[in-house]
file start-v1.cif (mmCIF, C-alpha atoms)
data_structure
loop_
_atom_site.label_atom_id
_atom_site.label_comp_id
_atom_site.auth_asym_id
_atom_site.auth_seq_id
_atom_site.Cartn_x
_atom_site.Cartn_y
_atom_site.Cartn_z
CA MET M 1 46.29 158.50 109.47
CA ILE M 2 45.86 157.08 105.98
CA SER M 3 47.31 153.69 104.99
CA VAL M 4 47.88 152.64 101.40
CA ILE M 5 48.54 149.21 99.96
CA ALA M 6 49.74 149.69 96.39
CA THR M 7 49.99 146.52 94.32
CA ILE M 8 52.35 147.03 91.41
CA THR M 9 52.37 144.25 88.83
CA THR M 10 55.33 144.24 86.48
CA ARG M 11 55.73 142.73 83.08
CA GLU M 12 57.32 139.26 83.28
CA GLY M 13 60.68 139.45 85.06
CA GLY M 14 60.48 143.19 85.77
CA VAL M 15 60.57 143.18 89.57
CA ALA M 16 64.34 143.74 89.92
CA ALA M 17 64.29 146.73 87.56
CA LEU M 18 61.24 148.18 89.31
CA LEU M 19 62.83 147.79 92.73
CA GLU M 20 65.92 149.63 91.50
CA HIS M 21 63.77 152.64 90.53
CA ILE M 22 61.77 152.45 93.76
CA ASN M 23 64.92 152.32 95.87
CA ASP M 24 66.40 155.28 93.96
CA ASN M 25 63.30 157.29 94.91
CA LEU M 26 62.83 156.16 98.53
CA SER M 27 64.68 159.07 100.15
CA ASN M 28 62.65 161.58 98.13
CA VAL M 29 59.34 160.04 99.19
CA ARG M 30 60.32 159.58 102.82
CA ALA M 31 61.31 163.27 102.97
CA GLU M 32 57.83 164.35 101.86
CA SER M 33 55.72 166.22 104.37
CA GLY M 34 53.24 163.80 105.93
CA CYS M 35 55.05 160.58 105.00
CA ILE M 36 55.11 158.23 107.98
CA GLU M 37 56.14 155.00 106.24
CA TYR M 38 56.93 153.94 102.67
CA LEU M 39 58.14 150.36 102.23
CA PRO M 40 58.54 148.13 99.16
CA MET M 41 57.67 144.51 99.99
CA LEU M 42 57.83 141.15 98.20
CA ASP M 43 56.06 137.87 98.86
CA ALA M 44 57.74 135.82 101.56
CA GLU M 45 57.59 132.04 101.68
CA SER M 46 55.21 131.26 104.53
CA GLY M 47 53.89 127.79 103.79
CA MET M 48 50.38 129.09 104.53
CA ALA M 49 47.70 127.61 102.29
CA ALA M 50 45.76 130.88 101.91
CA GLN M 51 48.77 132.83 100.69
CA VAL M 52 48.63 134.00 97.08
CA LYS M 53 52.12 134.70 95.75
CA ASP M 54 53.12 136.44 92.54
CA ALA M 55 56.75 136.78 91.43
CA ASN M 56 55.83 139.81 89.31
CA VAL M 57 54.34 141.92 92.11
CA VAL M 58 55.80 144.55 94.41
CA ILE M 59 53.60 145.75 97.26
CA MET M 60 54.15 149.26 98.60
CA LEU M 61 53.05 149.69 102.21
CA GLU M 62 52.49 153.37 102.89
CA LYS M 63 51.30 155.48 105.80
CA TRP M 64 50.46 159.17 105.46
CA GLU M 65 49.45 161.69 108.11
CA THR M 66 46.53 162.99 106.03
CA MET M 67 44.69 162.42 102.75
CA GLU M 68 46.10 165.76 101.58
CA ALA M 69 49.65 164.46 102.12
CA LEU M 70 48.81 161.38 100.03
CA HIS M 71 47.38 163.54 97.25
CA ASP M 72 50.48 165.79 97.33
CA HIS M 73 52.64 162.67 97.06
CA SER M 74 50.82 161.52 93.94
CA VAL M 75 51.75 164.71 92.06
CA ALA M 76 55.21 165.33 93.52
CA PRO M 77 57.80 165.97 90.77
CA HIS M 78 59.91 162.96 91.81
CA MET M 79 56.83 160.71 91.54
CA LEU M 80 55.99 162.02 88.07
CA ASP M 81 59.60 161.34 87.07
CA TYR M 82 59.48 157.85 88.66
CA ARG M 83 56.29 156.96 86.75
CA GLU M 84 57.91 157.99 83.47
CA LYS M 85 60.94 155.81 84.21
CA VAL M 86 58.88 152.69 85.03
CA LYS M 87 56.10 152.98 82.44
CA ASP M 88 57.59 150.19 80.29
CA ILE M 89 58.16 147.91 83.31
CA VAL M 90 54.79 148.26 85.05
CA GLN M 91 51.81 146.35 83.74
CA SER M 92 49.26 147.61 86.29
CA VAL M 93 48.84 149.37 89.62
CA SER M 94 45.97 148.99 92.08
CA LEU M 95 45.49 150.88 95.32
CA LYS M 96 43.77 150.22 98.61
CA VAL M 97 43.48 153.56 100.44
CA LEU M 98 42.46 152.85 104.02
CA ALA M 99 41.34 154.84 107.05
CA PRO M 100 41.10 153.49 110.60
CA ALA M 101 37.83 151.69 111.33
#
call {"tool": "encode", "arguments": {"input": "start-v1.cif", "output": "structure tokens"}}
result
Amino acid sequence: MISVIATITTREGGVAALLEHINDNLSNVRAESGCIEYLPMLDAESGMAAQVKDANVVIMLEKWETMEALHDHSVAPHMLDYREKVKDIVQSVSLKVLAPA
């Protein structure tokens, strides 16, 4: 199993618009072969001193059966369309692609 933590930083105030596009695409991604989990997440108020919060960040928590499934996801037509729709909202994207230790 492959886990992905995608950190998507939006331009100032862009989270709501980004989430709208993500939510419109959720059923397409979750129907992909090899998709186990695909969840958009936002910072929660925890009161923990070590927490670093950012109001302009959406975290995608993803689980894929294989690396091949993840690669197929990255070039799926609905993902290419999604990226085109959000290109003016998203400032940056960083990925952590993880395998079990």
call {"tool": "resolve_selection", "arguments": {"input": "start-v1.cif", "expression": "the PyMOL selection byres ((chain M and resi 17) around 12)", "output": "list of chain:residue names"}}
result
M:Thr10, M:Arg11, M:Glu12, M:Gly13, M:Gly14, M:Val15, M:Ala16, M:Leu18, M:Leu19, M:Glu20, M:His21, M:Ile22, M:Asn23, M:Asp24, M:Asn56, M:Val57, M:Val58, M:Lys85, M:Val86, M:Lys87, M:Asp88, M:Ile89, M:Val90
call {"tool": "resolve_selection", "arguments": {"input": "start-v1.cif", "expression": "the PyMOL selection byres ((chain M and resi 71) around 12)", "output": "PyMOL selection string"}}
result
chain M and resi 2+4+32-35+64-70+72-76+79+97
call {"tool": "write_last_selection", "arguments": {"input": "start-v1.cif", "atoms": "C-alpha atoms", "output": "tab-separated table (two decimals), in the coordinates of the input"}}
result
chain	number	residue	atom	x	y	z
M	2	ILE	CA	45.86	157.08	105.98
M	4	VAL	CA	47.88	152.64	101.40
M	32	GLU	CA	57.83	164.35	101.86
M	33	SER	CA	55.72	166.22	104.37
M	34	GLY	CA	53.24	163.80	105.93
M	35	CYS	CA	55.05	160.58	105.00
M	64	TRP	CA	50.46	159.17	105.46
M	65	GLU	CA	49.45	161.69	108.11
M	66	THR	CA	46.53	162.99	106.03
M	67	MET	CA	44.69	162.42	102.75
M	68	GLU	CA	46.10	165.76	101.58
M	69	ALA	CA	49.65	164.46	102.12
M	70	LEU	CA	48.81	161.38	100.03
M	72	ASP	CA	50.48	165.79	97.33
M	73	HIS	CA	52.64	162.67	97.06
M	74	SER	CA	50.82	161.52	93.94
M	75	VAL	CA	51.75	164.71	92.06
M	76	ALA	CA	55.21	165.33	93.52
M	79	MET	CA	56.83	160.71	91.54
M	97	VAL	CA	43.48	153.56	100.44
call {"tool": "residues_near_point", "arguments": {"input": "start-v1.cif", "point": "(57.7, 147.5, 99.1)", "cutoff": "9 Å", "atoms": "all atoms listed in the file", "output": "list of chain:residue names"}}
result
M:Ala6, M:Leu19, M:Ile22, M:Tyr38, M:Leu39, M:Pro40, M:Met41, M:Leu42, M:Val58, M:Ile59, M:Met60, M:Leu61, M:Glu62
call {"tool": "closest_residue", "arguments": {"input": "start-v1.cif", "among": "M:Ser3, M:Asn28, M:Ser94, M:Gln51", "to": "Asp81 of chain M", "atoms": "all atoms listed in the file"}}
result
M:Asn28
call {"tool": "closest_residue", "arguments": {"input": "start-v1.cif", "among": "M:Lys63, M:Thr7, M:Ala101, M:His78", "to": "Ile36 of chain M", "atoms": "all atoms listed in the file"}}
result
M:Lys63
call {"tool": "atom_distance", "arguments": {"input": "start-v1.cif", "atom1": "atom CA of Leu26 of chain M", "atom2": "atom CA of Val52 of chain M"}}
result
26.4 Å
call {"tool": "atom_distance", "arguments": {"input": "start-v1.cif", "atom1": "atom CA of Ala55 of chain M", "atom2": "atom CA of Asp43 of chain M"}}
result
7.5 Å
call {"tool": "closest_residue", "arguments": {"input": "start-v1.cif", "among": "M:Pro77, M:Met48, M:Lys53, M:Ile8", "to": "Ser92 of chain M", "atoms": "all atoms listed in the file"}}
result
M:Ile8
call {"tool": "atom_distance", "arguments": {"input": "start-v1.cif", "atom1": "atom CA of Met1 of chain M", "atom2": "atom CA of Lys96 of chain M"}}
result
13.9 Å
call {"tool": "build_atoms", "arguments": {"input": "start-v1.cif", "residues": "segment 50-61 of chain M", "atoms": "all heavy atoms", "output": "short mmCIF file (atom, residue, chain, number, x, y, z; two decimals), keeping the file's coordinate frame"}}
result
data_model
loop_
_atom_site.label_atom_id
_atom_site.label_comp_id
_atom_site.auth_asym_id
_atom_site.auth_seq_id
_atom_site.Cartn_x
_atom_site.Cartn_y
_atom_site.Cartn_z
N ALA M 50 46.56 129.77 102.44
CA ALA M 50 45.76 130.88 101.91
C ALA M 50 46.59 131.93 101.19
O ALA M 50 46.04 132.81 100.54
CB ALA M 50 44.98 131.53 103.04
N GLN M 51 47.91 131.82 101.30
CA GLN M 51 48.77 132.83 100.69
C GLN M 51 48.72 132.73 99.17
O GLN M 51 48.83 131.66 98.60
CB GLN M 51 50.22 132.67 101.16
CG GLN M 51 51.13 133.74 100.59
CD GLN M 51 52.57 133.60 101.06
OE1 GLN M 51 52.96 132.59 101.66
NE2 GLN M 51 53.38 134.60 100.78
N VAL M 52 48.58 133.90 98.53
CA VAL M 52 48.63 134.00 97.08
C VAL M 52 49.91 134.76 96.74
O VAL M 52 50.06 135.92 97.11
CB VAL M 52 47.39 134.75 96.52
CG1 VAL M 52 47.50 134.89 95.01
CG2 VAL M 52 46.12 134.03 96.91
N LYS M 53 50.84 134.09 96.08
CA LYS M 53 52.12 134.70 95.75
C LYS M 53 52.18 135.01 94.26
O LYS M 53 51.56 134.33 93.45
CB LYS M 53 53.28 133.77 96.11
CG LYS M 53 53.37 133.49 97.60
CD LYS M 53 54.61 132.73 97.97
CE LYS M 53 54.70 131.41 97.24
NZ LYS M 53 55.83 130.60 97.61
N ASP M 54 52.93 136.05 93.92
CA ASP M 54 53.12 136.44 92.54
C ASP M 54 54.53 137.01 92.40
O ASP M 54 54.85 138.04 92.99
CB ASP M 54 52.07 137.46 92.11
CG ASP M 54 52.08 137.72 90.61
OD1 ASP M 54 53.16 137.60 89.97
OD2 ASP M 54 51.02 138.06 90.08
N ALA M 55 55.36 136.36 91.61
CA ALA M 55 56.75 136.78 91.43
C ALA M 55 56.88 138.08 90.66
O ALA M 55 57.97 138.65 90.60
CB ALA M 55 57.54 135.67 90.72
N ASN M 56 55.79 138.57 90.09
CA ASN M 56 55.83 139.81 89.31
C ASN M 56 55.14 140.96 90.02
O ASN M 56 54.74 141.93 89.37
CB ASN M 56 55.19 139.58 87.93
CG ASN M 56 55.99 138.61 87.10
OD1 ASN M 56 57.20 138.76 86.95
ND2 ASN M 56 55.34 137.60 86.58
N VAL M 57 55.03 140.89 91.34
CA VAL M 57 54.34 141.92 92.11
C VAL M 57 55.25 142.50 93.19
O VAL M 57 55.94 141.76 93.89
CB VAL M 57 53.05 141.35 92.74
CG1 VAL M 57 52.47 142.31 93.77
CG2 VAL M 57 52.03 141.04 91.67
N VAL M 58 55.20 143.83 93.29
CA VAL M 58 55.80 144.55 94.41
C VAL M 58 54.65 145.24 95.13
O VAL M 58 53.80 145.87 94.50
CB VAL M 58 56.83 145.60 93.94
CG1 VAL M 58 57.32 146.44 95.12
CG2 VAL M 58 58.00 144.94 93.23
N ILE M 59 54.60 145.08 96.44
CA ILE M 59 53.60 145.75 97.26
C ILE M 59 54.28 146.92 97.96
O ILE M 59 55.32 146.74 98.60
CB ILE M 59 53.01 144.80 98.33
CG1 ILE M 59 52.39 143.56 97.70
CG2 ILE M 59 52.05 145.54 99.25
CD1 ILE M 59 51.12 143.79 96.95
N MET M 60 53.68 148.10 97.85
CA MET M 60 54.15 149.26 98.60
C MET M 60 53.22 149.44 99.79
O MET M 60 52.01 149.56 99.62
CB MET M 60 54.13 150.53 97.74
CG MET M 60 55.07 150.50 96.55
SD MET M 60 56.82 150.26 96.96
CE MET M 60 57.15 151.66 98.02
N LEU M 61 53.80 149.40 100.99
CA LEU M 61 53.05 149.69 102.21
C LEU M 61 53.36 151.13 102.59
O LEU M 61 54.52 151.49 102.78
CB LEU M 61 53.45 148.75 103.33
CG LEU M 61 53.18 147.27 103.10
CD1 LEU M 61 53.63 146.46 104.30
CD2 LEU M 61 51.71 147.02 102.81
#
